[in-house]
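Visitor: Pasting in a structure now, in structure tokens, and then I'll have a few things to ask.
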Amino acid sequence: MGIYFLCLVLFSLGVWCLFVKKNLIKKIIGLAITEYAINLFFILLGYKIGADAPILEKNNLSIVSVDPLPQALILTSIVIGLGIIAFSVSLVMRLYEKYKTFDINKINNLKG
Amino acid sequence: MIELYIILILMIIAAMASIYIEDLLSSVIALGAVGFGITLAFLFLKAPDLAITQLVVEILSLIILIKATIKSNRDINKEKNYISYIFLASFFIIAFLYFGYKAISELPKFGFPITKVSSFYIREGLNKTKAVNLVSSIILDFRAYDTLGEAIVLFTSVVGVLSVLRRNNEK
Amino acid sequence: MKNNGGMSIIVKRITRITVSLIFLFGVYIMLHGHLSPGGGFAGGVIIALSFIHLVLAFGKDFAFRYFNKTLAFFLEGLGGILFLVISLLGIFIGGIFFLNFLPKGSPFNLFSSGIILASNFAIFLKVGAGLFSIFIALSLYRLSEKE
């Protein structure tokens with residue numbers, strides 16, 4: 001159970017960074033750390049001690065393998081996370097061009 | 001499983017370094033260390049498909065983040081964070097960790113999963129699709145709707161980036 | 001003589017060799033998606049990384065002359081439409097959406113397992129061209145900001 005708890009600690013570090021820091025790039029970094037922790041938690045749920053990877057070999061066609069279903073779901077989630085980071089970075093670049101700063105308190109006060 | 005514990009503790013230390021450092025370029029590089037730690041953890045957990053995808057996606061997201069931060073003025077301004085935000089965030093995190101600890105006590109023990117649905121995929125995967133890679137046969141034959149949804153989400157994000165970064169006088 | 005935006009001559013010399021190797025590796029990972037780990041997503045991202053490698057080493061003007069924006073947009077749309085056509089053909093042939101209608105050979109061959117090879121190719125085109133057009137948009141935006 002200790003390893004699940006370390007995963008939750010990584011998730012809460014990401015949420016703390018997203019909540020407290022004022023810089024926009026730090027907020028994107030917090031979002032990325034949160035997403036890595038959730039992906040790792042799903043794969044930890046499907047691990048079987050002493051089993052092999054879910055790929056069959058030529059000499060034995062029936063193996064004891066780890067759970068392949070969470071791996072199929074998280075494969076999709078990793079690529080979607082890349083799309084989220086790319087879109088957030090494009091929004092931040094547009095904001096920086098207009099207000100010349102990354103600080104959200106200054107952007108709030110300017111109201112250009 | 002001592003190597004999984006070591007990798008997770010190294011990732012937590014790298015995440016704390018990435019949050020605390022004030023210089024933007026250094027904290028983005030520390031985020032890359034967290035991503036490579038996840039790749040090693042996927043290899044220890046016997047998931048080679050995910051390790052390949054996570055490695056190349058991590059490299060691409062590092063390129064995009066560095067392109068955004070390298071030309072801006074990275075002056076270090078140390079202002080005090082608001083005290084009320086720190087109290088609120090700490091209260092939420094302590095409550096989340098307490099109830100999370102109660103919830104993960106109900107999960108099955110680490111290393112002995114309950115595979116009710118996956119035993120069908122492992123047993124019938126080779127007979128029905130003749131594909132040797134079980135994960136490929138799941139994402140492209142048994143559960144192809146999820147791949148269609150993921151293709152739509154990627155297309156939406158590309159269209160979103162291209163419409164945000166548009167100039168009025170661009171040819 | 002230094003191009004604007006490009007790197008030094010040692011980097012350009014090495015890039016000529018490594019770009020073709022990375023391209024070949026990406027196509028291999030995609031084609032053997034049903035035999036070994038990998039698949040369409042990893043192959044597409046590797047292809048996009050090889051073109052980004054070319055753009056970063058030779059500068060924007062030289063590289064965008066040979067691989068311009070309209071080709072990237074067209075390939076991404078083609079990949080998406082190909083994936084939909086493969087899934088809709090299942091309705092016309094069998095009556096079920098996403099039916100696996102191509103012949104399945106014996107396992108461990110390259111042309112086995114029906115529809116998975118064609119779907120891998122469609123996803124490969126879509127992901128690779130889409131991620132490269134994101135990079136084109138980011139670098140062209142940075143170029144016109146300097147005024």
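Order determines the names: the first chain of the structure tokens is A, the second B, and so forth; residues in each chain are numbered 1 upward, and ligands are numbered 1 upward as they are shown.
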When the cut-off is 6 Å and we count only C-alpha atoms, which residues of chain A are near chain B, given as a ChimeraX atom specification?
Guide: /A:46-49,53-56,68,72,83,87
Visitor: For the residues in that selection, give me N, CA and C atoms as a JSON list (two decimals), in the first residue's frame.
Guide:
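Everything below was put into selection_29.json:
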```json
[["chain", "number", "residue", "atom", "x", "y", "z"],
["A", 46, "GLY", "N", -2.70, -2.64, -12.27],
["A", 46, "GLY", "CA", -2.84, -3.84, -13.06],
["A", 46, "GLY", "C", -1.62, -4.73, -13.06],
["A", 47, "TYR", "N", -0.74, -4.61, -12.08],
["A", 47, "TYR", "CA", 0.51, -5.35, -12.11],
["A", 47, "TYR", "C", 0.34, -6.68, -11.38],
["A", 48, "LYS", "N", 0.92, -7.73, -11.95],
["A", 48, "LYS", "CA", 0.85, -9.05, -11.31],
["A", 48, "LYS", "C", 2.28, -9.51, -11.08],
["A", 49, "ILE", "N", 2.56, -9.95, -9.86],
["A", 49, "ILE", "CA", 3.94, -10.30, -9.51],
["A", 49, "ILE", "C", 4.33, -11.59, -10.20],
["A", 53, "ALA", "N", 5.26, -9.46, -19.94],
["A", 53, "ALA", "CA", 4.63, -8.42, -20.73],
["A", 53, "ALA", "C", 3.55, -9.04, -21.63],
["A", 54, "PRO", "N", 2.51, -8.29, -22.03],
["A", 54, "PRO", "CA", 1.42, -8.91, -22.80],
["A", 54, "PRO", "C", 1.73, -9.09, -24.28],
["A", 55, "ILE", "N", 2.85, -9.74, -24.59],
["A", 55, "ILE", "CA", 3.23, -10.02, -25.98],
["A", 55, "ILE", "C", 3.62, -11.48, -26.04],
["A", 56, "LEU", "N", 2.97, -12.23, -26.96],
["A", 56, "LEU", "CA", 3.20, -13.67, -27.00],
["A", 56, "LEU", "C", 4.50, -13.99, -27.70],
["A", 68, "PRO", "N", -3.73, -6.29, -19.55],
["A", 68, "PRO", "CA", -3.50, -5.41, -20.71],
["A", 68, "PRO", "C", -4.55, -4.32, -20.87],
["A", 72, "ALA", "N", -4.08, -0.30, -22.44],
["A", 72, "ALA", "CA", -4.72, 0.22, -23.65],
["A", 72, "ALA", "C", -5.37, 1.56, -23.39],
["A", 83, "GLY", "N", -1.67, 16.85, -26.33],
["A", 83, "GLY", "CA", -2.52, 17.86, -26.97],
["A", 83, "GLY", "C", -2.91, 18.98, -26.02],
["A", 87, "PHE", "N", -1.87, 23.03, -26.50],
["A", 87, "PHE", "CA", -2.86, 24.09, -26.59],
["A", 87, "PHE", "C", -2.67, 25.13, -25.49]]
```
Visitor: Just list the residues in chain A DSSP gives strand (DSSP E or B) on the backbone, as JSON, numbers by chain.
Guide: {"A": [23, 52, 55, 65, 103]}
Visitor: Report the closest atom pair, with its distance in Å rounded to one decimal, for each residue of chain C that has an atom no farther than 6 Å from chain B; count only C-alpha atoms, sort by chain and then rising residue number, and write it as a tab-separated table.
Guide:
```
residue	atom	partner	partner_atom	distance
C:His34	CA	B:Asn133	CA	5.1
C:Leu35	CA	B:Val132	CA	5.3
C:Pro37	CA	B:Asp49	CA	4.8
C:Gly38	CA	B:Asp49	CA	5.2
C:Ala42	CA	B:Thr53	CA	5.0
C:Pro107	CA	B:Lys130	CA	5.1
C:Ser113	CA	B:Lys130	CA	5.0
```
Visitor: May I have the residues of chain C within 8 Å of chain A, counting only C-alpha atoms, written as a ChimeraX atom specification?
Guide: /C:35-37,41,108,134,138
Visitor: I need the residue nearest C:Lys69 from this list: C:Ala129, C:Ile52, C:Leu117, C:Ile14. Use only C-alpha atoms for the distance.
Guide: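 With only C-alpha atoms as the atom set, the closest residue is C:Ala129.
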Visitor: Quick one: pull the distance between atom CA of C:Ile86 and atom CA of C:Gly44, Å, one decimal.
Guide: 18.7 Å
Visitor: Which residues come within 12 Å of stretch 60-64 of chain C, counting only C-alpha atoms, excluding same-chain residues fewer than 2 positions away, as a PyMOL selection string?
Guide: chain C and resi 3-7+51-58+66-72+132-133+135-143
Visitor: Could you turn the residues from that selection into a file that holds C-alpha atoms, as a short mmCIF file (atom, residue, chain, number, x, y, z; two decimals), in the first residue's frame?
Guide:
```cif
data_model
loop_
_atom_site.label_atom_id
_atom_site.label_comp_id
_atom_site.auth_asym_id
_atom_site.auth_seq_id
_atom_site.Cartn_x
_atom_site.Cartn_y
_atom_site.Cartn_z
CA ASN C 3 22.14 30.79 -42.42
CA ASN C 4 19.65 32.70 -40.31
CA GLY C 5 18.27 30.35 -37.69
CA GLY C 6 20.39 27.33 -38.64
CA MET C 7 23.14 25.75 -36.61
CA PHE C 51 11.03 16.48 -39.39
CA ILE C 52 11.44 18.79 -36.38
CA HIS C 53 15.10 17.70 -36.27
CA LEU C 54 15.46 18.83 -39.90
CA VAL C 55 13.84 22.21 -39.22
CA LEU C 56 15.94 22.89 -36.12
CA ALA C 57 19.24 22.10 -37.81
CA PHE C 58 18.83 23.87 -41.14
CA TYR C 66 10.55 21.63 -49.27
CA PHE C 67 7.84 20.69 -46.79
CA ASN C 68 5.32 23.47 -46.65
CA LYS C 69 2.16 23.97 -44.67
CA THR C 70 -0.40 22.75 -47.19
CA LEU C 71 1.22 19.33 -47.46
CA ALA C 72 1.06 18.85 -43.67
CA PHE C 132 4.32 18.64 -37.21
CA SER C 133 1.74 21.31 -38.07
CA PHE C 135 5.36 22.86 -34.51
CA ILE C 136 5.08 24.84 -37.76
CA ALA C 137 2.48 27.14 -36.18
CA LEU C 138 4.63 27.73 -33.07
CA SER C 139 7.82 28.52 -35.00
CA LEU C 140 6.20 30.72 -37.64
CA TYR C 141 4.48 32.69 -34.88
CA ARG C 142 7.79 33.30 -33.16
CA LEU C 143 9.28 34.46 -36.47
#
```
Visitor: Enter the distance from atom CA of A:Ala32 to atom CA of A:Ile104, in Å, rounded to one decimal.
Guide: 19.0 Å
